[in-house]
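Containing mmCIF, C-alpha atoms: coords.cif.
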```cif
data_input
#
loop_
_atom_site.group_PDB
_atom_site.id
_atom_site.type_symbol
_atom_site.label_atom_id
_atom_site.label_comp_id
_atom_site.auth_asym_id
_atom_site.auth_seq_id
_atom_site.Cartn_x
_atom_site.Cartn_y
_atom_site.Cartn_z
ATOM 1 C CA MET A 1 8.072 4.754 18.192
ATOM 2 C CA THR A 2 9.932 3.706 21.320
ATOM 3 C CA ALA A 3 8.255 4.010 24.716
ATOM 4 C CA PRO A 4 10.086 6.284 27.156
ATOM 5 C CA ALA A 5 12.383 4.487 29.568
ATOM 6 C CA GLY A 6 10.438 3.320 32.619
ATOM 7 C CA GLU A 7 7.014 3.485 30.932
ATOM 8 C CA GLY A 8 4.837 0.682 32.267
ATOM 9 C CA ILE A 9 7.007 0.103 35.322
ATOM 10 C CA PRO A 10 5.227 1.196 38.533
ATOM 11 C CA GLY A 11 7.093 4.091 40.084
ATOM 12 C CA PHE A 12 9.052 4.966 36.955
ATOM 13 C CA SER A 13 6.379 5.933 34.436
ATOM 14 C CA GLY A 14 5.821 9.500 33.257
ATOM 15 C CA ARG A 15 2.218 9.086 34.483
ATOM 16 C CA ASP A 16 3.257 8.466 38.060
ATOM 17 C CA LEU A 17 2.601 11.097 40.692
ATOM 18 C CA PRO A 18 4.233 11.776 44.058
ATOM 19 C CA LEU A 19 3.051 9.022 46.393
ATOM 20 C CA ALA A 20 1.722 9.635 49.892
ATOM 21 C CA VAL A 21 0.300 7.260 52.460
ATOM 22 C CA GLY A 22 -3.218 8.161 53.506
ATOM 23 C CA SER A 23 -6.543 9.240 52.037
ATOM 24 C CA VAL A 24 -8.922 12.170 52.106
ATOM 25 C CA THR A 25 -12.533 12.363 53.262
ATOM 26 C CA GLY A 26 -15.065 14.548 51.508
ATOM 27 C CA VAL A 27 -18.815 15.015 51.373
ATOM 28 C CA ARG A 28 -21.047 14.688 48.307
ATOM 29 C CA LEU A 29 -24.588 13.974 47.100
ATOM 30 C CA TRP A 30 -26.277 11.110 45.276
ATOM 31 C CA HIS A 31 -29.612 10.127 43.805
ATOM 32 C CA VAL A 32 -31.325 6.932 44.932
ATOM 33 C CA ASP A 33 -32.639 4.355 42.502
ATOM 34 C CA MET A 34 -36.029 4.308 44.256
ATOM 35 C CA THR A 35 -37.455 1.478 42.146
ATOM 36 C CA SER A 36 -34.626 -0.862 43.121
ATOM 37 C CA ALA A 37 -34.681 0.350 46.736
ATOM 38 C CA GLU A 38 -38.418 -0.444 46.973
ATOM 39 C CA ALA A 39 -37.864 -3.822 45.387
ATOM 40 C CA ALA A 40 -35.085 -4.549 47.903
ATOM 41 C CA THR A 41 -37.403 -3.797 50.855
ATOM 42 C CA ASN A 42 -39.896 -6.265 49.377
ATOM 43 C CA GLY A 43 -37.287 -8.998 49.367
ATOM 44 C CA ALA A 44 -36.096 -8.743 45.757
ATOM 45 C CA PRO A 45 -32.324 -8.893 45.255
ATOM 46 C CA ALA A 46 -30.775 -5.446 44.986
ATOM 47 C CA PRO A 47 -29.040 -4.694 41.663
ATOM 48 C CA ALA A 48 -25.385 -5.669 41.618
ATOM 49 C CA GLU A 49 -24.361 -2.263 40.249
ATOM 50 C CA GLY A 50 -25.673 -0.247 43.189
ATOM 51 C CA LEU A 51 -28.510 1.945 44.453
ATOM 52 C CA LEU A 52 -26.810 5.342 44.396
ATOM 53 C CA SER A 53 -25.832 7.307 41.307
ATOM 54 C CA GLY A 54 -23.846 10.477 40.824
ATOM 55 C CA VAL A 55 -24.827 13.617 38.956
ATOM 56 C CA PHE A 56 -23.507 12.285 35.646
ATOM 57 C CA GLY A 57 -24.945 8.834 36.114
ATOM 58 C CA GLY A 58 -22.088 6.727 37.501
ATOM 59 C CA VAL A 59 -23.489 4.060 39.834
ATOM 60 C CA TRP A 60 -21.746 3.560 43.184
ATOM 61 C CA ARG A 61 -21.010 0.064 44.443
ATOM 62 C CA ARG A 62 -20.451 -1.253 47.943
ATOM 63 C CA GLY A 63 -16.769 -1.069 48.958
ATOM 64 C CA GLU A 64 -14.160 0.256 46.558
ATOM 65 C CA ASN A 65 -15.251 2.175 43.470
ATOM 66 C CA VAL A 66 -12.805 2.816 40.638
ATOM 67 C CA ALA A 67 -13.499 5.801 38.388
ATOM 68 C CA THR A 68 -13.497 5.518 34.619
ATOM 69 C CA CYS A 69 -13.891 8.296 32.078
ATOM 70 C CA GLY A 70 -16.904 8.317 29.787
ATOM 71 C CA GLY A 71 -15.481 11.051 27.545
ATOM 72 C CA GLY A 72 -15.596 14.822 27.754
ATOM 73 C CA THR A 73 -18.772 16.898 27.403
ATOM 74 C CA GLN A 74 -17.498 18.274 24.065
ATOM 75 C CA GLY A 75 -17.403 14.775 22.581
ATOM 76 C CA SER A 76 -13.727 14.248 23.354
ATOM 77 C CA PRO A 77 -12.567 10.624 23.730
ATOM 78 C CA PRO A 78 -12.406 9.057 27.215
ATOM 79 C CA CYS A 79 -9.244 9.695 29.207
ATOM 80 C CA HIS A 80 -6.837 6.815 29.701
ATOM 81 C CA ARG A 81 -7.720 4.917 32.885
ATOM 82 C CA ASP A 82 -4.273 5.654 34.361
ATOM 83 C CA LEU A 83 -4.912 9.404 34.026
ATOM 84 C CA VAL A 84 -8.369 9.608 35.699
ATOM 85 C CA PRO A 85 -9.107 12.218 37.047
ATOM 86 C CA ALA A 86 -7.562 14.138 34.151
ATOM 87 C CA PRO A 87 -7.025 17.911 34.302
ATOM 88 C CA GLU A 88 -9.088 18.963 31.280
ATOM 89 C CA CYS A 89 -11.997 16.629 32.041
ATOM 90 C CA GLY A 90 -14.660 16.168 34.725
ATOM 91 C CA CYS A 91 -13.905 12.490 35.335
ATOM 92 C CA GLY A 92 -13.183 11.019 38.753
ATOM 93 C CA PHE A 93 -15.169 10.970 41.989
ATOM 94 C CA TRP A 94 -15.971 14.453 43.237
ATOM 95 C CA ALA A 95 -16.222 15.367 46.921
ATOM 96 C CA TYR A 96 -15.923 18.525 49.008
ATOM 97 C CA TRP A 97 -14.251 19.636 52.234
ATOM 98 C CA ALA A 98 -17.466 21.255 53.487
ATOM 99 C CA LEU A 99 -21.130 20.433 53.209
ATOM 100 C CA ARG A 100 -21.778 23.987 52.077
ATOM 101 C CA TYR A 101 -19.531 23.563 49.027
ATOM 102 C CA ALA A 102 -21.151 20.261 48.023
ATOM 103 C CA TRP A 103 -24.580 21.824 48.318
ATOM 104 C CA ARG A 104 -23.591 24.959 46.417
ATOM 105 C CA CYS A 105 -22.379 22.906 43.454
ATOM 106 C CA ASP A 106 -25.223 20.418 43.367
ATOM 107 C CA TYR A 107 -28.239 22.241 44.862
ATOM 108 C CA TYR A 108 -29.997 22.401 41.481
ATOM 109 C CA TRP A 109 -29.757 18.679 41.224
ATOM 110 C CA ARG A 110 -31.427 17.915 44.560
ATOM 111 C CA GLY A 111 -29.675 14.674 45.512
ATOM 112 C CA GLU A 112 -31.702 12.852 48.168
ATOM 113 C CA VAL A 113 -28.667 11.381 49.897
ATOM 114 C CA ILE A 114 -25.634 13.102 51.400
ATOM 115 C CA GLY A 115 -22.609 11.081 52.401
ATOM 116 C CA VAL A 116 -18.936 11.075 53.244
ATOM 117 C CA ILE A 117 -16.447 9.203 51.088
ATOM 118 C CA GLN A 118 -12.859 8.128 51.562
ATOM 119 C CA GLY A 119 -10.956 9.176 48.433
ATOM 120 C CA TYR A 120 -7.592 7.815 47.305
ATOM 121 C CA GLY A 121 -5.644 6.685 44.276
ATOM 122 C CA ARG A 122 -4.843 9.442 41.795
ATOM 123 C CA THR A 123 -6.265 12.557 43.464
ATOM 124 C CA ARG A 124 -6.563 16.209 42.436
ATOM 125 C CA ILE A 125 -6.793 18.392 45.521
ATOM 126 C CA GLY A 126 -8.351 21.848 45.534
ATOM 127 C CA THR A 127 -9.232 24.487 48.103
ATOM 128 C CA ARG A 128 -12.881 23.366 48.175
ATOM 129 C CA GLY A 129 -12.703 19.670 47.449
ATOM 130 C CA CYS A 130 -11.122 16.930 45.388
ATOM 131 C CA ARG A 131 -11.493 14.530 42.483
ATOM 132 C CA CYS A 132 -10.294 10.991 43.109
ATOM 133 C CA GLY A 133 -9.616 7.904 41.070
ATOM 134 C CA LYS A 134 -10.845 5.565 43.818
ATOM 135 C CA ALA A 135 -13.388 5.984 46.581
ATOM 136 C CA ARG A 136 -15.518 4.160 49.106
ATOM 137 C CA ILE A 137 -18.580 5.331 51.001
ATOM 138 C CA LEU A 138 -18.032 5.752 54.760
ATOM 139 C CA GLY A 139 -21.395 7.043 55.976
ATOM 140 C CA LEU A 140 -24.719 8.323 54.653
ATOM 141 C CA HIS A 141 -27.652 10.544 55.571
ATOM 142 C CA VAL A 142 -30.984 10.499 53.740
ATOM 143 C CA ARG A 143 -32.559 13.953 53.529
ATOM 144 C CA PRO A 144 -36.161 14.005 54.754
ATOM 145 C CA ALA A 145 -38.559 14.907 51.928
ATOM 146 C CA ASP A 146 -40.173 18.333 51.982
ATOM 147 C CA PRO A 147 -43.537 18.122 53.788
ATOM 148 C CA GLY A 148 -45.275 19.498 50.676
ATOM 149 C CA CYS A 149 -43.961 16.835 48.292
ATOM 150 C CA GLN A 150 -43.783 13.514 50.108
ATOM 151 C CA PRO A 151 -43.072 10.810 47.522
ATOM 152 C CA ALA A 152 -45.461 7.868 47.323
ATOM 153 C CA GLY A 153 -43.637 4.668 48.198
ATOM 154 C CA LEU A 154 -40.724 4.426 50.604
ATOM 155 C CA GLY A 155 -40.339 6.866 53.471
ATOM 156 C CA HIS A 156 -36.889 8.253 54.164
ATOM 157 C CA HIS A 157 -36.408 5.921 57.162
ATOM 158 C CA ASP A 158 -36.991 2.922 54.871
ATOM 159 C CA VAL A 159 -34.551 4.307 52.292
ATOM 160 C CA ALA A 160 -31.962 4.843 55.038
ATOM 161 C CA GLU A 161 -32.342 1.250 56.192
ATOM 162 C CA VAL A 162 -32.011 -0.192 52.681
ATOM 163 C CA LEU A 163 -28.960 1.943 51.845
ATOM 164 C CA GLY A 164 -27.220 1.219 55.138
ATOM 165 C CA SER A 165 -27.721 -2.491 54.636
ATOM 166 C CA TYR A 166 -26.749 -2.485 50.945
ATOM 167 C CA TYR A 167 -23.591 -0.394 51.326
ATOM 168 C CA GLY A 168 -22.634 -1.827 54.724
ATOM 169 C CA VAL A 169 -22.171 1.623 56.265
ATOM 170 C CA PRO A 170 -24.026 3.549 58.970
ATOM 171 C CA CYS A 171 -26.881 5.765 57.785
ATOM 172 C CA TYR A 172 -27.046 8.645 60.264
ATOM 173 C CA ARG A 173 -30.218 10.442 61.346
ATOM 174 C CA SER A 174 -28.715 13.894 61.017
ATOM 175 C CA LEU A 175 -25.955 15.679 59.131
ATOM 176 C CA ALA A 176 -24.346 16.632 62.433
ATOM 177 C CA GLU A 177 -24.076 12.949 63.412
ATOM 178 C CA LEU A 178 -22.667 12.060 59.977
ATOM 179 C CA LEU A 179 -19.952 14.710 60.188
ATOM 180 C CA ALA A 180 -19.108 13.825 63.790
ATOM 181 C CA ALA A 181 -18.645 10.152 62.891
ATOM 182 C CA CYS A 182 -16.883 10.762 59.568
ATOM 183 C CA PRO A 183 -14.767 13.924 59.934
ATOM 184 C CA LEU A 184 -13.980 15.720 56.689
ATOM 185 C CA THR A 185 -10.449 16.563 55.593
ATOM 186 C CA ALA A 186 -9.895 20.199 56.545
ATOM 187 C CA ASP A 187 -6.159 20.553 55.767
ATOM 188 C CA TYR A 188 -6.671 22.093 52.324
ATOM 189 C CA LEU A 189 -9.338 24.620 53.259
ATOM 190 C CA PRO A 190 -7.983 28.160 53.643
ATOM 191 C CA ARG A 191 -7.156 28.620 57.334
ATOM 192 C CA ARG A 192 -9.973 31.104 57.922
ATOM 193 C CA ARG A 193 -12.510 28.613 56.525
ATOM 194 C CA ARG A 194 -11.424 25.472 58.384
ATOM 195 C CA SER A 195 -14.447 25.568 60.692
ATOM 196 C CA LEU A 196 -16.670 24.887 57.644
ATOM 197 C CA ALA A 197 -15.492 21.261 57.666
ATOM 198 C CA THR A 198 -17.448 20.576 60.849
ATOM 199 C CA SER A 199 -20.499 22.683 60.007
ATOM 200 C CA ALA A 200 -23.709 20.725 59.357
ATOM 201 C CA LEU A 201 -25.303 23.758 57.663
ATOM 202 C CA LEU A 202 -26.119 23.440 53.974
ATOM 203 C CA GLY A 203 -25.882 27.173 53.367
ATOM 204 C CA PRO A 204 -24.408 30.267 54.956
ATOM 205 C CA ALA A 205 -25.817 31.115 58.367
ATOM 206 C CA THR A 206 -28.715 33.576 58.503
ATOM 207 C CA PRO A 207 -27.392 37.122 58.824
ATOM 208 C CA SER A 208 -27.639 38.308 62.396
ATOM 209 C CA LEU A 209 -27.140 41.536 64.251
ATOM 210 C CA PRO A 210 -23.482 42.504 64.671
ATOM 211 C CA ALA A 211 -21.915 41.463 67.964
ATOM 212 C CA LEU A 212 -22.507 44.066 70.650
ATOM 213 C CA ARG A 213 -19.560 45.534 72.516
ATOM 214 C CA LEU A 214 -20.507 45.617 76.157
ATOM 215 C CA GLY A 215 -19.431 48.648 78.140
ATOM 216 C CA ARG A 216 -19.666 51.012 75.188
ATOM 217 C CA PRO A 217 -23.313 52.111 75.094
ATOM 218 C CA VAL A 218 -22.841 54.914 72.578
ATOM 219 C CA ARG A 219 -20.942 52.728 70.068
ATOM 220 C CA ARG A 220 -23.452 49.883 70.540
ATOM 221 C CA ALA A 221 -26.407 52.114 69.677
ATOM 222 C CA GLY A 222 -24.524 53.335 66.617
ATOM 223 C CA LEU A 223 -23.846 49.796 65.365
ATOM 224 C CA VAL A 224 -27.450 48.656 65.746
ATOM 225 C CA SER A 225 -28.919 51.738 64.106
ATOM 226 C CA ALA A 226 -26.440 51.427 61.219
ATOM 227 C CA TRP A 227 -27.421 47.790 60.733
ATOM 228 C CA LEU A 228 -31.125 48.708 60.734
ATOM 229 C CA ARG A 229 -30.528 51.551 58.295
ATOM 230 C CA ASN A 230 -28.609 49.291 55.877
ATOM 231 C CA ASN A 231 -31.105 46.472 55.996
ATOM 232 C CA GLN A 232 -34.158 48.692 55.649
ATOM 233 C CA ALA A 233 -32.527 50.321 52.662
ATOM 234 C CA ARG A 234 -32.343 46.920 50.940
ATOM 235 C CA ARG A 235 -36.017 46.098 51.449
ATOM 236 C CA PRO A 236 -38.354 46.646 48.466
ATOM 237 C CA PRO A 237 -40.723 49.589 48.797
ATOM 238 C CA PRO A 238 -44.133 48.666 50.291
ATOM 239 C CA ALA A 239 -46.769 47.755 47.710
ATOM 240 C CA ALA A 240 -49.596 50.197 47.104
ATOM 241 C CA GLY A 241 -52.410 49.633 49.569
ATOM 242 C CA ASP A 242 -50.145 48.323 52.338
ATOM 243 C CA MET B 1 -22.726 22.751 35.358
ATOM 244 C CA MET B 2 -19.656 20.984 36.713
ATOM 245 C CA GLY B 3 -18.681 20.939 40.336
ATOM 246 C CA ASP B 4 -16.034 23.233 41.680
ATOM 247 C CA ILE B 5 -13.138 21.950 43.787
ATOM 248 C CA GLY B 6 -11.727 25.469 43.977
ATOM 249 C CA GLU B 7 -8.193 26.434 43.187
ATOM 250 C CA GLU B 8 -6.163 23.310 42.490
ATOM 251 C CA ILE B 9 -3.362 22.812 45.000
ATOM 252 C CA THR B 10 -1.777 19.546 43.992
ATOM 253 C CA GLU B 11 -2.170 16.213 42.258
ATOM 254 C CA ILE B 12 -1.009 13.203 44.202
ATOM 255 C CA GLU B 13 -1.280 9.431 44.425
ATOM 256 C CA LEU B 14 -2.769 8.447 47.776
ATOM 257 C CA GLU B 15 -2.298 4.981 49.195
ATOM 258 C CA PRO B 16 -4.647 4.371 52.124
ATOM 259 C CA LEU B 17 -3.407 2.707 55.249
ATOM 260 C CA PRO B 18 -4.650 -0.867 55.521
ATOM 261 C CA ASP B 19 -7.622 -1.313 57.821
ATOM 262 C CA GLU B 20 -6.628 -2.045 61.362
ATOM 263 C CA PRO B 21 -7.245 -5.678 62.236
ATOM 264 C CA PRO B 22 -10.318 -6.141 64.455
ATOM 265 C CA ALA B 23 -9.601 -6.478 68.126
ATOM 266 C CA GLU B 24 -9.711 -10.119 69.077
ATOM 267 C CA ALA B 25 -9.500 -11.943 72.345
ATOM 268 C CA PRO B 26 -5.937 -13.078 73.063
ATOM 269 C CA VAL B 27 -5.396 -16.653 72.012
ATOM 270 C CA GLU B 28 -3.914 -19.052 74.551
ATOM 271 C CA PRO B 29 -0.692 -20.541 73.180
ATOM 272 C CA ALA B 30 -1.099 -24.202 72.338
ATOM 273 C CA ALA B 31 0.561 -26.524 74.825
ATOM 274 C CA GLU B 32 3.818 -27.871 73.528
ATOM 275 C CA PRO B 33 3.965 -31.620 73.147
ATOM 276 C CA VAL B 34 5.852 -33.246 75.987
ATOM 277 C CA PRO B 35 8.550 -35.597 74.758
ATOM 278 C CA GLY B 36 7.739 -39.152 75.824
#
```
So that I can check it, write out the structure of this file as structure tokens.
Amino acid sequence: MTAPAGEGIPGFSGRDLPLAVGSVTGVRLWHVDMTSAEAATNGAPAPAEGLLSGVFGGVWRRGENVATCGGGTQGSPPCHRDLVPAPECGCGFWAYWALRYAWRCDYYWRGEVIGVIQGYGRTRIGTRGCRCGKARILGLHVRPADPGCQPAGLGHHDVAEVLGSYYGVPCYRSLAELLAACPLTADYLPRRRRSLATSALLGPATPSLPALRLGRPVRRAGLVSAWLRNNQARRPPPAAGD
Amino acid sequence: MMGDIGEEITEIELEPLPDEPPAEAPVEPAAEPVPG
């Protein structure tokens, strides 16, 4: 069988996509290899592969990371390296345009580290995030452990120091600082949701009372009483004996 | 469960701009040799 004309020639292959200069920035979560991180603080050499791993186990290196496909979840063969991230597969580096979206997808997985990546190469762009063929970490934030389940071993300040040093990027004390220093790409979010790109909240804001309209006392009272009526209606009935 | 990048808008090849060179102090031009 003859290869199509142009196959194998950069810019002329059927696998080539429209080319644009630039990159995207998205937020995502990782797990820390705590054993290696502890060893690194005690002076042992850190593993060459990396200290952070993604939800499906890929280990992130310092500098540029190039995605490969390990095969589909249904046992399908790995995608060709020139096609990662492929449409019918989950391969590629995932990241999101808003912290809330990253958290919503990965909350069950409880990654200890949140960070911003620069994504480029072959890139699939969606309304909530992207999948990229190449990526590098720009900045990190280590989530403080819950007070009720402090891990034995390294504290989160120690982990932050080790990661910052290993990956050669700043490790910020708060999510707000991370997002201020490494702004997320907001161009692909629906216009009404663009403000999410700068929000350091992991979830939707706590419901609050509707905004009051000053100068309309009758309407204001109506709004507040309606809100109270709706919210009380949703509460479970008091338990017997209350 | 997989992640969710939402409704797919496009697929593109992105080529990042090269890093800007670090700011350096201006270098004095070397003195030209004076013909003897």
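Going from CA of Pro45 in chain A over to CA of Gly139 in chain A, you cover 22.1 Å.
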Please report as a compact mmCIF listing (two decimals) with C-alpha atoms, in the frame of the given file which residues of chain A come no farther than 8 Å from chain B, using only C-alpha atoms.
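Output below, filename selection10.txt:
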```
# COMPACT_ATOMS: atom_id res chain seq x y z
CA ASP A 16 3.26 8.47 38.06
CA LEU A 17 2.60 11.10 40.69
CA PRO A 18 4.23 11.78 44.06
CA LEU A 19 3.05 9.02 46.39
CA ALA A 20 1.72 9.64 49.89
CA VAL A 21 0.30 7.26 52.46
CA GLY A 22 -3.22 8.16 53.51
CA SER A 23 -6.54 9.24 52.04
CA GLY A 90 -14.66 16.17 34.72
CA TRP A 94 -15.97 14.45 43.24
CA ALA A 95 -16.22 15.37 46.92
CA TYR A 96 -15.92 18.52 49.01
CA CYS A 105 -22.38 22.91 43.45
CA ASP A 106 -25.22 20.42 43.37
CA TYR A 120 -7.59 7.82 47.30
CA GLY A 121 -5.64 6.68 44.28
CA ARG A 122 -4.84 9.44 41.80
CA THR A 123 -6.26 12.56 43.46
CA ARG A 124 -6.56 16.21 42.44
CA ILE A 125 -6.79 18.39 45.52
CA GLY A 126 -8.35 21.85 45.53
CA THR A 127 -9.23 24.49 48.10
CA ARG A 128 -12.88 23.37 48.18
CA GLY A 129 -12.70 19.67 47.45
CA CYS A 130 -11.12 16.93 45.39
CA ARG A 131 -11.49 14.53 42.48
```
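Interatomic distance, CA of Val24 in chain A against CA of Glu112 in chain A: 23.1 Å.
We find CA of Cys171 in chain A and CA of Leu29 in chain A to be spaced 13.7 Å apart.
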TODO: Could you tell me which residues the PyMOL selection byres ((chain A and resi 201) around 12) grabs in this file, written as a PyMOL selection string?
DONE: chain A and resi 98-104+174-176+179+195-200+202-206
Task: Proximity to Arg173 in chain A - best of A:Ala48, A:Leu189, A:Cys79, A:Leu140, all atoms listed in the file - done: A:Leu140
